[in-house]
>>> print(open('my_file-v2.cif').read())   # mmCIF, C-alpha atoms and all ligand atoms
data_model
#
loop_
_atom_site.label_atom_id
_atom_site.label_comp_id
_atom_site.auth_asym_id
_atom_site.auth_seq_id
_atom_site.Cartn_x
_atom_site.Cartn_y
_atom_site.Cartn_z
CA MET A 1 -102.79 56.18 -23.53
CA ASP A 2 -100.15 53.51 -22.77
CA SER A 3 -100.66 51.31 -19.71
CA ILE A 4 -98.58 52.85 -16.95
CA ILE A 5 -97.28 51.98 -13.49
CA ILE A 6 -96.59 54.71 -10.95
CA THR A 7 -94.64 53.80 -7.80
CA ILE A 8 -94.52 55.80 -4.56
CA ASP A 9 -92.05 54.62 -1.94
CA GLY A 10 -91.10 56.08 1.42
CA ALA A 11 -91.05 55.48 5.16
CA SER A 12 -94.23 54.95 7.17
CA SER A 13 -96.70 57.81 7.60
CA THR A 14 -95.02 60.12 5.11
CA GLY A 15 -98.34 60.41 3.25
CA LYS A 16 -97.67 57.89 0.44
CA SER A 17 -101.12 56.35 0.50
CA SER A 18 -102.94 59.71 0.56
CA LEU A 19 -100.92 60.88 -2.43
CA ALA A 20 -101.36 57.53 -4.23
CA LYS A 21 -105.13 57.62 -3.65
CA ALA A 22 -105.40 61.19 -4.99
CA ILE A 23 -103.36 60.33 -8.10
CA ALA A 24 -105.32 57.12 -8.72
CA LYS A 25 -108.62 58.98 -8.43
CA HIS A 26 -107.47 61.74 -10.81
CA TYR A 27 -106.41 59.33 -13.58
CA ASP A 28 -108.99 56.64 -12.79
CA PHE A 29 -106.17 54.19 -12.01
CA LYS A 30 -106.15 51.38 -9.45
CA HIS A 31 -104.43 52.15 -6.13
CA ILE A 32 -102.56 49.32 -4.44
CA ASP A 33 -101.30 49.91 -0.90
CA SER A 34 -98.58 47.25 -0.60
CA GLY A 35 -98.08 48.03 3.11
CA ALA A 36 -101.66 46.88 3.68
CA MET A 37 -100.67 43.50 2.19
CA TYR A 38 -97.88 43.03 4.78
CA ARG A 39 -100.31 44.21 7.43
CA ALA A 40 -102.89 41.63 6.26
CA LEU A 41 -100.36 38.81 6.65
CA THR A 42 -99.45 40.14 10.11
CA PHE A 43 -103.13 40.23 11.08
CA TYR A 44 -103.52 36.64 9.83
CA ALA A 45 -100.53 35.51 11.95
CA GLN A 46 -101.93 37.22 15.07
CA ASP A 47 -105.42 35.90 14.42
CA HIS A 48 -104.03 32.34 14.18
CA ASN A 49 -101.92 32.71 17.35
CA LEU A 50 -98.67 32.48 15.41
CA LEU A 51 -97.43 35.94 16.42
CA ASP A 52 -97.58 37.81 19.71
CA ASP A 53 -95.21 39.56 22.11
CA HIS A 54 -93.56 36.27 23.03
CA LYS A 55 -93.37 34.28 19.82
CA PHE A 56 -93.39 34.36 16.04
CA ASP A 57 -93.95 30.94 14.47
CA VAL A 58 -92.45 31.74 11.06
CA ASP A 59 -92.41 28.09 9.90
CA THR A 60 -96.12 27.54 10.49
CA LEU A 61 -96.96 30.84 8.79
CA ILE A 62 -94.88 29.70 5.80
CA ASP A 63 -96.85 26.43 5.76
CA HIS A 64 -100.11 28.40 5.71
CA LEU A 65 -99.09 30.65 2.77
CA PRO A 66 -100.79 28.54 0.06
CA THR A 67 -104.12 28.99 1.88
CA ILE A 68 -103.74 32.77 2.28
CA ASP A 69 -105.29 35.02 -0.35
CA ILE A 70 -104.53 38.72 0.04
CA ASP A 71 -106.26 40.95 -2.49
CA PHE A 72 -108.16 44.20 -3.00
CA THR A 73 -111.81 44.94 -3.73
CA ASN A 74 -112.80 47.07 -6.73
CA ALA A 75 -112.86 49.98 -4.25
CA ASP A 76 -109.19 49.23 -3.35
CA GLU A 77 -109.98 47.83 0.13
CA ILE A 78 -107.64 45.13 1.43
CA THR A 79 -109.11 41.63 1.75
CA LEU A 80 -107.90 38.48 3.48
CA ASN A 81 -109.43 35.29 2.10
CA GLY A 82 -112.31 37.35 0.74
CA LYS A 83 -113.03 39.36 3.91
CA ILE A 84 -112.46 43.13 4.02
CA ILE A 85 -110.01 43.90 6.87
CA GLU A 86 -109.30 47.62 6.29
CA ASP A 87 -109.85 48.53 9.97
CA GLN A 88 -108.07 45.51 11.44
CA VAL A 89 -104.85 46.11 9.47
CA ARG A 90 -104.52 49.70 10.77
CA SER A 91 -104.50 48.73 14.48
CA MET A 92 -101.49 49.43 16.73
CA GLU A 93 -101.29 45.70 17.42
CA VAL A 94 -100.60 45.07 13.73
CA SER A 95 -98.35 48.17 13.39
CA ASN A 96 -96.21 46.97 16.28
CA LYS A 97 -95.39 43.65 14.59
CA VAL A 98 -95.65 44.21 10.83
CA SER A 99 -91.94 44.97 10.31
CA LEU A 100 -91.05 41.57 11.77
CA VAL A 101 -93.23 39.89 9.15
CA ALA A 102 -91.99 42.18 6.35
CA LYS A 103 -88.34 41.38 6.96
CA GLU A 104 -88.70 37.65 6.24
CA PRO A 105 -87.52 36.93 2.66
CA LEU A 106 -90.14 34.19 1.99
CA PHE A 107 -92.99 36.51 2.93
CA ARG A 108 -91.48 39.21 0.72
CA GLN A 109 -91.29 36.79 -2.23
CA PHE A 110 -94.95 35.91 -1.67
CA MET A 111 -95.93 39.61 -1.68
CA VAL A 112 -93.73 40.63 -4.61
CA ALA A 113 -95.27 37.87 -6.77
CA LYS A 114 -98.77 39.04 -5.86
CA GLN A 115 -97.88 42.71 -6.38
CA ARG A 116 -96.51 41.99 -9.86
CA GLN A 117 -99.68 40.05 -10.68
CA LEU A 118 -101.82 42.97 -9.47
CA GLY A 119 -99.73 45.37 -11.55
CA GLU A 120 -100.19 43.33 -14.76
CA ILE A 121 -103.49 45.06 -15.49
CA GLY A 122 -101.56 48.35 -15.81
CA ASN A 123 -102.75 51.87 -14.97
CA VAL A 124 -101.82 51.26 -11.38
CA VAL A 125 -100.44 53.44 -8.58
CA MET A 126 -98.66 51.25 -6.02
CA ASP A 127 -97.11 52.57 -2.82
CA GLY A 128 -94.70 50.90 -0.41
CA ARG A 129 -91.02 50.54 0.44
CA ASP A 130 -89.52 48.55 -2.45
CA ILE A 131 -92.00 49.10 -5.26
CA GLY A 132 -89.75 51.24 -7.47
CA SER A 133 -86.57 49.39 -6.48
CA VAL A 134 -87.62 45.71 -6.53
CA VAL A 135 -91.24 45.11 -7.56
CA PHE A 136 -91.35 47.38 -10.63
CA PRO A 137 -87.81 48.62 -11.35
CA ASN A 138 -89.00 49.58 -14.86
CA ALA A 139 -92.04 51.55 -13.68
CA THR A 140 -93.14 54.43 -15.89
CA ILE A 141 -92.58 56.96 -13.14
CA LYS A 142 -91.24 56.61 -9.60
CA PHE A 143 -91.67 58.90 -6.62
CA PHE A 144 -89.99 58.77 -3.21
CA LEU A 145 -91.78 60.65 -0.45
CA GLU A 146 -90.02 62.10 2.59
CA ALA A 147 -91.38 63.90 5.67
CA SER A 148 -90.02 64.98 9.04
CA MET A 149 -90.61 62.80 12.11
CA GLU A 150 -92.93 65.47 13.51
CA VAL A 151 -95.18 65.47 10.44
CA ARG A 152 -95.21 61.67 10.35
CA VAL A 153 -96.08 61.26 14.04
CA ASN A 154 -98.88 63.82 13.77
CA ARG A 155 -100.29 62.07 10.68
CA ARG A 156 -100.33 58.60 12.27
CA TYR A 157 -101.58 59.83 15.64
CA ALA A 158 -104.54 61.66 14.04
CA GLU A 159 -105.32 58.59 11.93
CA LEU A 160 -105.37 56.27 14.97
CA ILE A 161 -107.38 58.63 17.17
CA GLU A 162 -109.94 58.99 14.39
CA LYS A 163 -110.26 55.20 14.35
CA GLY A 164 -110.91 55.22 18.11
CA GLU A 165 -107.55 53.70 19.19
CA GLN A 166 -106.23 54.63 22.65
CA VAL A 167 -102.65 55.70 21.92
CA SER A 168 -100.24 58.37 23.05
CA VAL A 169 -98.05 60.52 20.79
CA LYS A 170 -95.02 58.95 22.48
CA GLU A 171 -96.19 55.45 21.64
CA VAL A 172 -96.77 56.38 17.99
CA GLN A 173 -93.34 57.99 17.72
CA ALA A 174 -91.67 54.92 19.26
CA ASN A 175 -93.47 52.63 16.82
CA ILE A 176 -92.47 54.73 13.80
CA ALA A 177 -88.83 54.94 14.95
CA LYS A 178 -88.67 51.19 15.54
CA ARG A 179 -90.18 50.41 12.15
CA ASP A 180 -87.82 52.86 10.41
CA HIS A 181 -84.91 51.03 11.95
CA ILE A 182 -86.10 47.54 10.93
CA ASP A 183 -87.34 48.59 7.46
CA SER A 184 -84.11 50.45 6.62
CA ASN A 185 -81.67 47.88 8.01
CA ARG A 186 -83.17 44.56 6.93
CA ASP A 187 -81.11 42.45 4.50
CA ASP A 188 -83.89 41.84 1.97
CA SER A 189 -84.99 44.94 0.01
CA PRO A 190 -84.43 47.63 2.64
CA LEU A 191 -86.03 51.04 2.18
CA ILE A 192 -83.94 52.97 -0.37
CA ILE A 193 -84.55 55.77 -2.84
CA PRO A 194 -85.07 53.85 -6.11
CA GLU A 195 -82.93 54.69 -9.10
CA ASN A 196 -84.51 57.49 -11.18
CA ALA A 197 -87.06 58.30 -8.49
CA ILE A 198 -88.32 61.86 -8.08
CA VAL A 199 -87.90 62.79 -4.41
CA LEU A 200 -90.79 64.78 -2.90
CA SER A 201 -91.04 66.28 0.59
CA ASN A 202 -94.27 66.35 2.54
CA ASP A 203 -93.00 68.92 5.07
CA LYS A 204 -94.09 72.09 3.32
CA GLU A 205 -96.17 71.10 0.33
CA GLY A 206 -99.16 69.34 1.88
CA LEU A 207 -101.25 66.93 -0.16
CA THR A 208 -102.44 69.50 -2.72
CA GLY A 209 -98.91 70.74 -3.39
CA LEU A 210 -97.56 67.19 -3.73
CA PHE A 211 -100.46 66.22 -5.97
CA ASN A 212 -99.77 69.19 -8.27
CA ILE A 213 -96.06 68.35 -8.56
CA ALA A 214 -96.70 64.65 -9.09
CA THR A 215 -99.45 65.08 -11.69
CA ALA A 216 -97.33 67.61 -13.63
CA GLU A 217 -94.61 64.91 -13.85
CA ILE A 218 -97.08 62.17 -14.76
CA ASP A 219 -98.73 64.33 -17.44
CA LYS A 220 -95.35 64.61 -19.21
CA HIS A 221 -95.40 60.81 -19.61
CA LEU A 222 -98.99 60.70 -20.77
CA ARG A 223 -98.56 63.20 -23.60
O1 LIG B 1 -96.70 51.64 4.72
P1 LIG B 1 -97.11 50.86 5.98
O2 LIG B 1 -96.72 51.54 7.23
O3 LIG B 1 -98.56 50.48 5.95
O4 LIG B 1 -96.28 49.51 5.88
C1 LIG B 1 -96.38 48.51 6.85
C2 LIG B 1 -95.08 47.74 6.97
O5 LIG B 1 -94.90 46.92 5.82
C3 LIG B 1 -93.83 48.58 7.13
O6 LIG B 1 -93.32 48.49 8.43
C4 LIG B 1 -92.85 48.01 6.15
C5 LIG B 1 -93.55 46.98 5.35
N1 LIG B 1 -93.57 47.19 3.91
C6 LIG B 1 -92.55 46.64 3.20
O7 LIG B 1 -91.62 46.08 3.77
N2 LIG B 1 -92.56 46.71 1.83
C7 LIG B 1 -93.55 47.33 1.19
N3 LIG B 1 -93.56 47.37 -0.16
C8 LIG B 1 -94.61 47.92 1.92
C9 LIG B 1 -94.57 47.84 3.30
#
>>> encode(input="my_file-v2.cif", output="structure tokens")
Amino acid sequence: MDSIIITIDGASSTGKSSLAKAIAKHYDFKHIDSGAMYRALTFYAQDHNLLDDHKFDVDTLIDHLPTIDIDFTNADEITLNGKIIEDQVRSMEVSNKVSLVAKEPLFRQFMVAKQRQLGEIGNVVMDGRDIGSVVFPNATIKFFLEASMEVRVNRRYAELIEKGEQVSVKEVQANIAKRDHIDSNRDDSPLIIPENAIVLSNDKEGLTGLFNIATAEIDKHLR
């Protein structure tokens, strides 16, 4: 089997990571959640008092970049300088600020370089916003996942409640709407449907339905 790269792009909470995980497990591929990488950098900035509700010290964060190692364990958990930070990166505090970090071109260059390096091993499923459009424009197969606001809010709300966060549905919806606006309108690699991407909808299908459609497409490339 040739070494392949599968990309799944889409807005937040459309179910990209769940689909990517299921596909990666099925083919024994590596799953890379690129959103978790932007979240890790956001967590780092907050942890070093460079980013809060009143300030964002972009210049100092840029200075720190050479000392920041964002990676994944063999079990695909996000690490920051060797420490697993899966729970920390999913907090509302990080969600509220991550789009500000992700819109800075220098931070995007840093991530894109790392994502390409991670993809070099091949047999990778990577999900995000610009994976099929910018990071791997020549990917073997590209998907773009859509879902209604209602489905997305319910997904994220359930995820946060399960993690023990105190949030309201209203707060989650406001966060998703704000991030949609920033992610879709930023100058550097805004969220778009990549060329040649297969568009899937998570409104009716559910994970099993999406998985069946996606694997049928992937199997055509593996034959
Ligand atoms: O998928 P997510 O919600 O975990 O992503 C977190 C943020 O990171 C999101 O607001 C947009 C940004 N992001 C990005 O700009 N490019 C990517 N490839 C992945 C995520």
>>> residues_around(input="my_file-v2.cif", residues="Thr215 of chain A", least_positions_apart="5", cutoff="12 Å", atoms="all atoms listed in the file", output="ChimeraX atom specification")
/A:6,19-20,22-27,141-143,207-210,220-222
>>> closest_residue(input="my_file-v2.cif", among="A:Asp71, A:Ile78, A:Ala102, A:Ala36", to="Val58 of chain A", atoms="all atoms listed in the file")
A:Ala102
>>> residues_near_ligand(input="my_file-v2.cif", ligand="ligand LIG 1 (chain B)", cutoff="7 Å", atoms="only C-alpha atoms and all ligand atoms", output="VMD selection string")
chain A and resid 11 to 13 34 to 36 38 to 39 95 98 to 99 102 to 103 127 to 131 179 183
>>> closest_residue(input="my_file-v2.cif", among="A:Arg152, A:Lys163, A:Lys170, A:Arg108", to="Leu65 of chain A", atoms="all atoms listed in the file")
A:Arg108
>>> atom_distance(input="my_file-v2.cif", atom1="atom CA of Val169 of chain A", atom2="atom CA of Met92 of chain A")
12.3 Å
>>> residues_around(input="my_file-v2.cif", residues="Thr60 of chain A", least_positions_apart="2", cutoff="12 Å", atoms="only C-alpha atoms", output="ChimeraX atom specification")
/A:44-45,48-51,55-58,62-67
>>> closest_atom_pairs(input="my_file-v2.cif", of="segment 116-149 of chain A", to="segment 196-202 of chain A", cutoff="10 Å", atoms="only C-alpha atoms", output="tab-separated table")
residue	atom	partner	partner_atom	distance
A:Gly132	CA	A:Ala197	CA	7.6
A:Ser133	CA	A:Ala197	CA	9.1
A:Pro137	CA	A:Asn196	CA	9.5
A:Asn138	CA	A:Asn196	CA	9.8
A:Ala139	CA	A:Ala197	CA	9.9
A:Ile141	CA	A:Ala197	CA	7.3
A:Lys142	CA	A:Ala197	CA	4.6
A:Phe143	CA	A:Ile198	CA	4.7
A:Phe144	CA	A:Val199	CA	4.7
A:Leu145	CA	A:Leu200	CA	4.9
A:Glu146	CA	A:Ser201	CA	4.7
A:Ala147	CA	A:Asn202	CA	4.9
A:Ser148	CA	A:Asn202	CA	7.9
>>> closest_residue(input="my_file-v2.cif", among="A:Glu159, A:Asp33, A:Asp59, A:Glu77", to="Gln115 of chain A", atoms="all atoms listed in the file")
A:Asp33
